[in-house]
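Written out below as structure tokens is the structure these notes cover.
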Amino acid sequence: MLNANMNDGKSLVIIIVGDTSGCSHIRLRHNALWYCGHEHFGFTPIITPIPTFDPQYLARAKAIVIQRPVSPGHVEIVRRYKALQPKFGYKLVSEFDDQVWEIDGQGIPDYNTASLHFDIKGTTTVAEQTFPLFDEMVVSTEFLKTKLIERFNIPEQKVHVIRNVVPRFLWSYPRKQNKTEDLVKPTVLYSGSPCHYRNPVPARKPSPQEPQGFPGITPLKGDMDNAWCDWVIKNVKEDKINFICMGALPWFWECIREKIRFVQWVDSQSYPRLVMSLNADFQIAPLVNNNFNKCKSALRHTESCACGTILLGTVFHEDKLSPYEEINPKCKVMDNATVEDIDNIFWNLCKKDNYNEVLNWQYNFINDNGYFMESNKHAQEWLCMIDGGNNTFI
């Protein structure tokens, strides 16, 4: 049975989360739920948004994992944990799922509203102070690892990739049967977050509550600044697809809002069940080519594999660095594709033999490559992350 070192007298892993969004759930909280219920793994995870320096906790801590330690307040926190490390003997680990520092002079894309308030130069400065203090740094993709090593001159052996995976206990659903007929009017789901584009916000005049007023926010298509936007509009208007949009309604689809199904966001625990209940035939994952997207994982593909929904994802014609390079070749859509190009790919996949081939390929992909959280591969990687005496990743 896979387990952490159980002979060191240390049974706690303190996980300091930086948000309550999907990031902390996918990377940390879901793992904690899984390992908490299995004492044979050799440790008990403690999830907290507030650092603890209680000596009773630190004495029993096998590792302290800090999500995204790039805020100004993290400098003193990490330094304090590092100073106490010789006394208590825990492993100090940082964890990242996204780009939160400058990469080749680029920060968060302007279409992502986080760019309006995210101090990328400030986080980069904090990173320069905190990163050298960690025993291990864990990231979600190879590209993110490469850029972290390049930017901060971190020894390669200190940086490891643990991919985004999905928990089978949440994505458990009967395997879909193969199609017996060609798809005539398929259901297509778009579940991208509002960070993939920027909806407009009107300007506001000065008021007692807002003396300076508000200049407004201009709209940007973001990751839909390609043929995908018009492809959806065309096929919805022509009544060829049933289209479902999850989350906020993008401004560029206002013209078809009466002909599409809109589904509100739910919390991270309820999200898998909702996606599976929609029973979509396809998901789409448009992207534009930038470093921020190259740092991302192919999580939408993993989710699609789990629930039996074929994913069409964007790959980049200028390089092979899109997260969706891993998907089935029949489902790859170039970022410079035309509406006609997407139509040809899509309707070809609607033929039952092609659809069934990709559907079965995706089911095999997630099982054979350890993309379920409960797989031995992922368990080995996670246990190596928190075990100070074992850094042999498989």
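Identifiers in the structure tokens: chain A, B, ... in order shown; residue index from 1 per chain; ligand index from 1 in order shown.
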Write down as a ChimeraX atom specification the residues of range 166-252 of chain A whose backbone DSSP state falls under alpha helix (DSSP H). /A:227-237
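Summary of the local environment: counting only C-alpha atoms, residues at most 7 Å from Met334 in chain A, other than itself and those fewer than 3 positions away along its chain, are Thr314, Val315, Phe316, His317 and Ala337 of chain A.
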Selected residue of minimal separation from Pro109 in chain A among A:Ala203, A:Met385, A:Cys255, A:Cys195, counting only C-alpha atoms: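 Smallest separation from Pro109 in chain A among the options: A:Cys195.
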Taking only C-alpha atoms into account, name the residue in A:Arg60, A:Arg257, A:Arg29, A:Arg68 that is nearest to Thr48 in chain A.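 The answer is A:Arg29, which sits nearest to Thr48 in chain A.
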DSSP on the backbone: which residues in range 155-377 of chain A end up as strand (DSSP E)? Give the answer as a list in words. Val159, His160, Val161, Thr187, Val188, Leu189, Tyr190, Asn242, Phe243, Ile244, Cys245, Met246, Arg261, Phe262, Val263, Phe282, Gln283, Ile284, Ala285, Ile310, Leu311, Leu312, Gly313, Thr314, Val315, Lys332, Val333 and Met334 of chain A
Let's have the selection written as a compact mmCIF listing (two decimals), in the first residue's frame, with N, CA and C atoms.
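Listed below is the output, part_1.txt:
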```
# COMPACT_ATOMS: atom_id res chain seq x y z
N VAL A 159 11.81 21.40 -8.08
CA VAL A 159 10.51 21.74 -8.68
C VAL A 159 9.91 20.49 -9.30
N HIS A 160 8.68 20.17 -8.91
CA HIS A 160 8.02 18.98 -9.42
C HIS A 160 6.64 19.33 -9.98
N VAL A 161 6.23 18.56 -10.97
CA VAL A 161 4.92 18.73 -11.58
C VAL A 161 3.96 17.69 -11.00
N THR A 187 -25.63 18.38 -28.40
CA THR A 187 -25.59 19.35 -27.30
C THR A 187 -24.14 19.72 -27.03
N VAL A 188 -23.86 21.03 -27.01
CA VAL A 188 -22.51 21.55 -26.84
C VAL A 188 -22.47 22.41 -25.58
N LEU A 189 -21.49 22.14 -24.72
CA LEU A 189 -21.34 22.88 -23.47
C LEU A 189 -20.11 23.75 -23.49
N TYR A 190 -20.27 25.00 -23.05
CA TYR A 190 -19.12 25.86 -22.78
C TYR A 190 -19.14 26.17 -21.29
N ASN A 242 -27.70 22.34 -29.80
CA ASN A 242 -28.24 22.80 -28.52
C ASN A 242 -27.05 23.31 -27.72
N PHE A 243 -27.04 24.59 -27.41
CA PHE A 243 -25.86 25.18 -26.78
C PHE A 243 -26.15 25.54 -25.34
N ILE A 244 -25.25 25.14 -24.45
CA ILE A 244 -25.36 25.43 -23.02
C ILE A 244 -24.17 26.27 -22.61
N CYS A 245 -24.42 27.39 -21.95
CA CYS A 245 -23.36 28.25 -21.43
C CYS A 245 -23.44 28.27 -19.91
N MET A 246 -22.35 27.94 -19.27
CA MET A 246 -22.31 27.90 -17.81
C MET A 246 -21.62 29.14 -17.26
N ARG A 261 -29.21 27.77 -23.63
CA ARG A 261 -29.53 27.45 -22.24
C ARG A 261 -28.42 28.00 -21.37
N PHE A 262 -28.80 28.73 -20.35
CA PHE A 262 -27.83 29.33 -19.44
C PHE A 262 -27.91 28.64 -18.09
N VAL A 263 -26.76 28.23 -17.56
CA VAL A 263 -26.70 27.52 -16.28
C VAL A 263 -25.80 28.29 -15.33
N PHE A 282 -20.62 17.34 -26.48
CA PHE A 282 -19.33 17.98 -26.69
C PHE A 282 -19.11 19.08 -25.66
N GLN A 283 -17.85 19.35 -25.35
CA GLN A 283 -17.44 20.58 -24.69
C GLN A 283 -16.46 21.29 -25.62
N ILE A 284 -16.43 22.62 -25.54
CA ILE A 284 -15.46 23.38 -26.32
C ILE A 284 -14.57 24.17 -25.36
N ALA A 285 -13.28 24.29 -25.75
CA ALA A 285 -12.30 24.98 -24.90
C ALA A 285 -11.44 25.89 -25.77
N ILE A 310 -17.07 14.60 -25.41
CA ILE A 310 -15.89 14.84 -26.26
C ILE A 310 -15.51 16.31 -26.20
N LEU A 311 -14.21 16.55 -25.97
CA LEU A 311 -13.72 17.93 -25.88
C LEU A 311 -13.00 18.34 -27.16
N LEU A 312 -13.40 19.50 -27.69
CA LEU A 312 -12.67 20.15 -28.78
C LEU A 312 -11.89 21.30 -28.18
N GLY A 313 -10.57 21.26 -28.30
CA GLY A 313 -9.72 22.26 -27.68
C GLY A 313 -8.79 22.92 -28.68
N THR A 314 -8.38 24.13 -28.34
CA THR A 314 -7.51 24.93 -29.21
C THR A 314 -6.05 24.54 -29.05
N VAL A 315 -5.38 24.35 -30.17
CA VAL A 315 -3.92 24.21 -30.19
C VAL A 315 -3.36 25.36 -31.01
N LYS A 332 -8.47 18.44 -32.17
CA LYS A 332 -7.64 19.64 -32.08
C LYS A 332 -8.07 20.67 -33.11
N VAL A 333 -8.28 21.90 -32.63
CA VAL A 333 -8.69 23.01 -33.50
C VAL A 333 -7.60 24.08 -33.43
N MET A 334 -7.00 24.39 -34.57
CA MET A 334 -5.95 25.42 -34.61
C MET A 334 -6.51 26.78 -34.21
```
Extract, using only C-alpha atoms, all DNA, RNA and protein residues at most 10 Å from range 367-373 of chain A, discarding same-chain residues fewer than 4 positions from it, and format them as a CSV table (one decimal) with C-alpha atoms, in the first residue's frame.
```
chain,number,residue,atom,x,y,z
A,26,ILE,CA,-8.7,20.8,-7.3
A,30,HIS,CA,-10.1,17.4,-2.7
A,31,ASN,CA,-6.9,15.6,-2.0
A,34,TRP,CA,-9.5,11.7,0.1
A,163,ARG,CA,-0.9,17.5,-12.8
A,164,ASN,CA,-4.5,18.6,-12.2
A,165,VAL,CA,-6.6,15.5,-11.7
A,166,VAL,CA,-10.3,14.9,-10.9
A,167,PRO,CA,-11.6,12.9,-8.0
A,168,ARG,CA,-13.5,9.7,-9.0
A,169,PHE,CA,-15.6,10.1,-5.9
A,171,TRP,CA,-16.9,12.4,-11.1
A,299,LEU,CA,-8.4,20.3,-16.9
A,302,THR,CA,-9.8,15.6,-18.0
A,303,GLU,CA,-13.3,16.4,-16.9
A,305,CYS,CA,-12.9,12.2,-20.3
A,306,ALA,CA,-14.4,11.5,-16.9
A,362,GLN,CA,-11.0,9.5,-23.8
A,363,TYR,CA,-12.2,6.9,-21.3
A,377,LYS,CA,0.3,7.5,-9.9
A,378,HIS,CA,-1.3,10.6,-8.4
A,379,ALA,CA,-1.1,9.1,-4.9
A,382,TRP,CA,1.2,13.6,-3.7
```
Just give me the gap between CA of Tyr81 in chain A and CA of Asp387 in chain A in Å, one decimal is fine. 16.9 Å
Could you check how far CA of Val358 in chain A sits from CA of Asp182 in chain A, in Å to one decimal? 13.8 Å
Quick one, how far is CA of Phe214 in chain A from CA of Asp19 in chain A?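 Interatomic distance, CA of Phe214 in chain A to CA of Asp19 in chain A: 27.2 Å.
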